[in-house]
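K.L.:
I am attaching a structure below and will ask some questions about it afterwards.
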Amino acid sequence: MGAPPTVQADMEDGDATQLDLLAAWRRLLLWGLPAVQGAVVLALLLGRGDSWDRLVDPWLYLSISLVLTGSWLAVLSGRGSLRQITVLLTAGSALFLNAKLLLLAALLPDPGALLPELLETLVWLPAVITWTMLTDLARPVRRILNWMMAGVVTLSAVVAVRPLLSGHPLDMAAIRALLQINLSALVSLYGASFFLRRSDLLGRAQGEQQVLRQLVYTDLLTGLPGRVRLSEQLRTLTGQGRPFAVLFVDVDAFKVVNDTLGHAVGDELLCVVAQELQRLAPQGSFAYRLSGDEFVVLLPQANDRAAQWEAQRLLQLVPVRPSLQVGMDITLSIGVSVYPDDATDAETLLRHADSAVYAVKRAGRRQVRRYQPQQDAATERFQVLARDLSLALSRRELSLHYQPVFCLREMRPVKAEALLRWRHPELGMVSPGEFIPVAERVGLIAPIGAWVLRAACREALRWDDVTVSVNVSAVQLLQAEFPQVVRSALKDTGLSAQRLELELTETAALYEDDRAARVLHELRLLGVGLSIDDFGSGYSNLSRLRALPITGVKLDRSCIEGLPDGPGGAFARALLEAVMGLTRYLPLDLTVEGIESAAQLATLQELDCPLGQGHGLSRPLTDTEFLALLRGGSGTLPLHGQPAH
């Protein structure tokens, strides 16, 4: 199995550029070095025939010829790198120039021959620096350039003042030639330095870009391409229009490995799984790591049957080596979606494969499952809600409504239950009965519950003596830090603890878990009220109720159905009287939920039921509407025999 095409393209482009550059340099040297050697021979043939040309130049040109020939043979045979050949040429040419200037200063007695020899030197100088300007130079080459420049300046000064030492006037033509040599050397040297600095900066910038690209596109732990590369490849494949399959691979019980064997072993496990997916996936397929223990394998040109066959093969073969590596049985769950049968866009196709693997998890794991639209619709909705609920707070999509609790004797509101509402930007209003369980399952109930508590306390400051009730789930109640969350909310908002009531869902944990009992006692010490919501519809351990620091109960609406004269009305009346007697004995505040009609209200008032709540008394109100109700405004919804919806 190879790397994704885009990764291969990046690698191939970089390699191709480097190979093209090396090939161009090789051609330049193979043709350029013989041309320079030809100029050496031509210089010897066109010599003036004086003693200098007969005795000195042949040895100088022989030396540089050996350098040129050796460099050419190294290029031809491929035995020397470009940098090594550059060092050789630069060092040899620099030695040639400085040796010639030194010999001119020491041996040339004829002032008339000095100027032509200097002009020959000037011709050689740009050729020396050219090697340095067109090559990525190392420090040895830079040092050679510096030594050459220092030697040229020093020897030029000696050649310029030499006539004075022998009693002759200065040779202005020779001095001008020496100035041209030094000026050319300086300009060429600084030009080379500019290219060197620019090359270094460009190389560093390219290196940083390559690192950033690797961070964006590659998972650093496993070396597999990541989510960004997967999205690009999915869009490419969907754009081609040919069938292909997505395998969503999840490592079962990965958290158990981390918790029991440690995170280092967990990381090692993920690396081995990644290696096995790459090794065992069919030729032409691509493996990716999304996050955690989630991987994806793309199977180009695979239909449903081929995809499920490959998934079954990976299910059996991939876990073998990871299991041996970590010393425990490792299994996989794999979900399959096929383009274009299951989706025609990349995001939906991946989401369907994720839904399929989630269904495998719920069915017992260690299976392969093809996406099934009808069965997986609820799973996908759960996933959408879980994903978007994590952003709901920051997007300010959550709000609170308040349903009043009335004193039935005086028909005035004395409490208000804070009800959480979520207006989804695409799905509209989502029922709390749907998204609260999602929040509990994905670990969002704690931050959302803390926000509700703080917002309700802040709003209750505007209500004079009216109490605010906030629902608390069993998940929150079992958290040891929950009393501190309540304490912080009261302190930060300034609300009195006596004006806060927490409504607790009736569950087995409420009555039987010692952690819940400890948290309830801590909360009661703060001074807040504790009420059991939907009493009579759930666990209802009455003996345990006596031992807990509960201050009130809310009788479930099902307990008053049929009042006063409907089916089961007599039983409802007897049940209500029994609960009222129990709450008076303990004593506890009693609130009856689900009051929908004037007849129910009249019966409750006849029995002297203290508190009531229901749509027949008032629907849930916005903060502005509830404040208006407290002030006797238009928020009141009086009962006239019909429910107020």
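Chain labels A, B, ... are given in the sequence in which chains occur in the structure tokens; within each chain residues are numbered consecutively from 1, and ligands are likewise numbered from 1 in the order shown.
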From the DSSP assignment of the backbone, select every residue of stretch 305-512 of chain A that is helix (DSSP H, G or I), and format the answer as a PyMOL selection string.
P.N.:
chain A and resi 305-317+320-326+346-362+373-392+432-441+445-460+474-477+482-493+497-499+508-512
K.L.:
Quick one: pick out all strand (DSSP E) residues within stretch 406-554 of chain A from a backbone DSSP run and write them as an MDAnalysis selection string.
P.N.:
chainID A and resid 406:407 412:424 428:430 467:472 500:505 529:535 552:554
K.L.:
Using only C-alpha atoms, determine which residues lie at most 12 Å from A:Lys255, disregarding the query and same-chain residues fewer than 2 positions distant; provide the list as a PyMOL selection string.
P.N.:
chain A and resi 250-253+257-263+265-267+269-270+292-293+330
K.L.:
What separation in Å, quoted to one decimal, exists between atom CA of A:Val430 and atom CA of A:Val384?
P.N.:
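Value for the atom CA of A:Val430-atom CA of A:Val384 distance: 11.8 Å.
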K.L.:
Find the residues near stretch 276-282 of chain A: any atom within 12 Å, counting only C-alpha atoms, skip ones fewer than 2 places away on the same chain, and give them as a PyMOL selection string.
P.N.:
chain A and resi 1-4+222-225+247-251+269-274+284-289+294-302+306-307+309-323+332
K.L.:
Would you kindly return, as a ChimeraX atom specification, each protein, DNA or RNA residue with an atom no farther than 10 Å from any atom of A:Leu60, considering only C-alpha atoms and excluding same-chain residues fewer than 5 positions away?
P.N.:
/A:40,55,65,95-97,99-100
K.L.:
Print the selection's residues with C-alpha atoms to a file, as an mmCIF file, in the first residue's frame.
P.N.:
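Final output, selection37.cif:
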```
data_model
loop_
_atom_site.group_PDB
_atom_site.id
_atom_site.type_symbol
_atom_site.label_atom_id
_atom_site.label_comp_id
_atom_site.auth_asym_id
_atom_site.auth_seq_id
_atom_site.Cartn_x
_atom_site.Cartn_y
_atom_site.Cartn_z
ATOM 1 C CA VAL A 40 44.064 27.625 -20.940
ATOM 2 C CA LEU A 55 59.269 29.740 -17.715
ATOM 3 C CA SER A 65 44.728 22.188 -16.003
ATOM 4 C CA LEU A 95 45.536 29.257 -5.434
ATOM 5 C CA PHE A 96 46.226 29.953 -9.123
ATOM 6 C CA LEU A 97 45.345 33.654 -8.820
ATOM 7 C CA ALA A 99 50.281 32.307 -6.904
ATOM 8 C CA LYS A 100 50.368 34.356 -10.067
#
```
K.L.:
When you look at stretch 344-346 of chain A with a cut-off of 9 Å (counting only C-alpha atoms), what residues show up, excluding the ones that are within fewer than 6 positions of it in the same chain? I need them as a count of residues only.
P.N.:
9
K.L.:
How many Å lie between atom CA of A:Gly529 and atom CA of A:Leu582, rounded to one decimal?
P.N.:
18.3 Å
K.L.:
Just the number, please: distance in Å from atom CA of A:Glu440 to atom CA of A:Thr591, one decimal.
P.N.:
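These atoms are spaced 26.4 Å apart.
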K.L.:
Which neighbours of A:Ser156 fall inside 10 Å, counting only C-alpha atoms, when residues of the same chain fewer than 4 positions from it are skipped, and could you give them as a list in words?
P.N.:
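Close residues of A:Ser156: Asn98, Leu101, Leu102, Leu104, Ala105, Leu118, Ala150, Gly151, Val152, Ala160, Val161, Arg162, Ala174, Ile175, Ala177, Leu178, Leu179, Ile181 and Asn182 of chain A.
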K.L.:
Go through A:Pro587, A:Gly443, A:Gly38, A:Pro437 one by one, measure the shortest atom-to-atom distance of each to A:Leu545 using only C-alpha atoms, and give the residue with the smallest value.
P.N.:
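Closest to A:Leu545, using only C-alpha atoms: A:Pro587.
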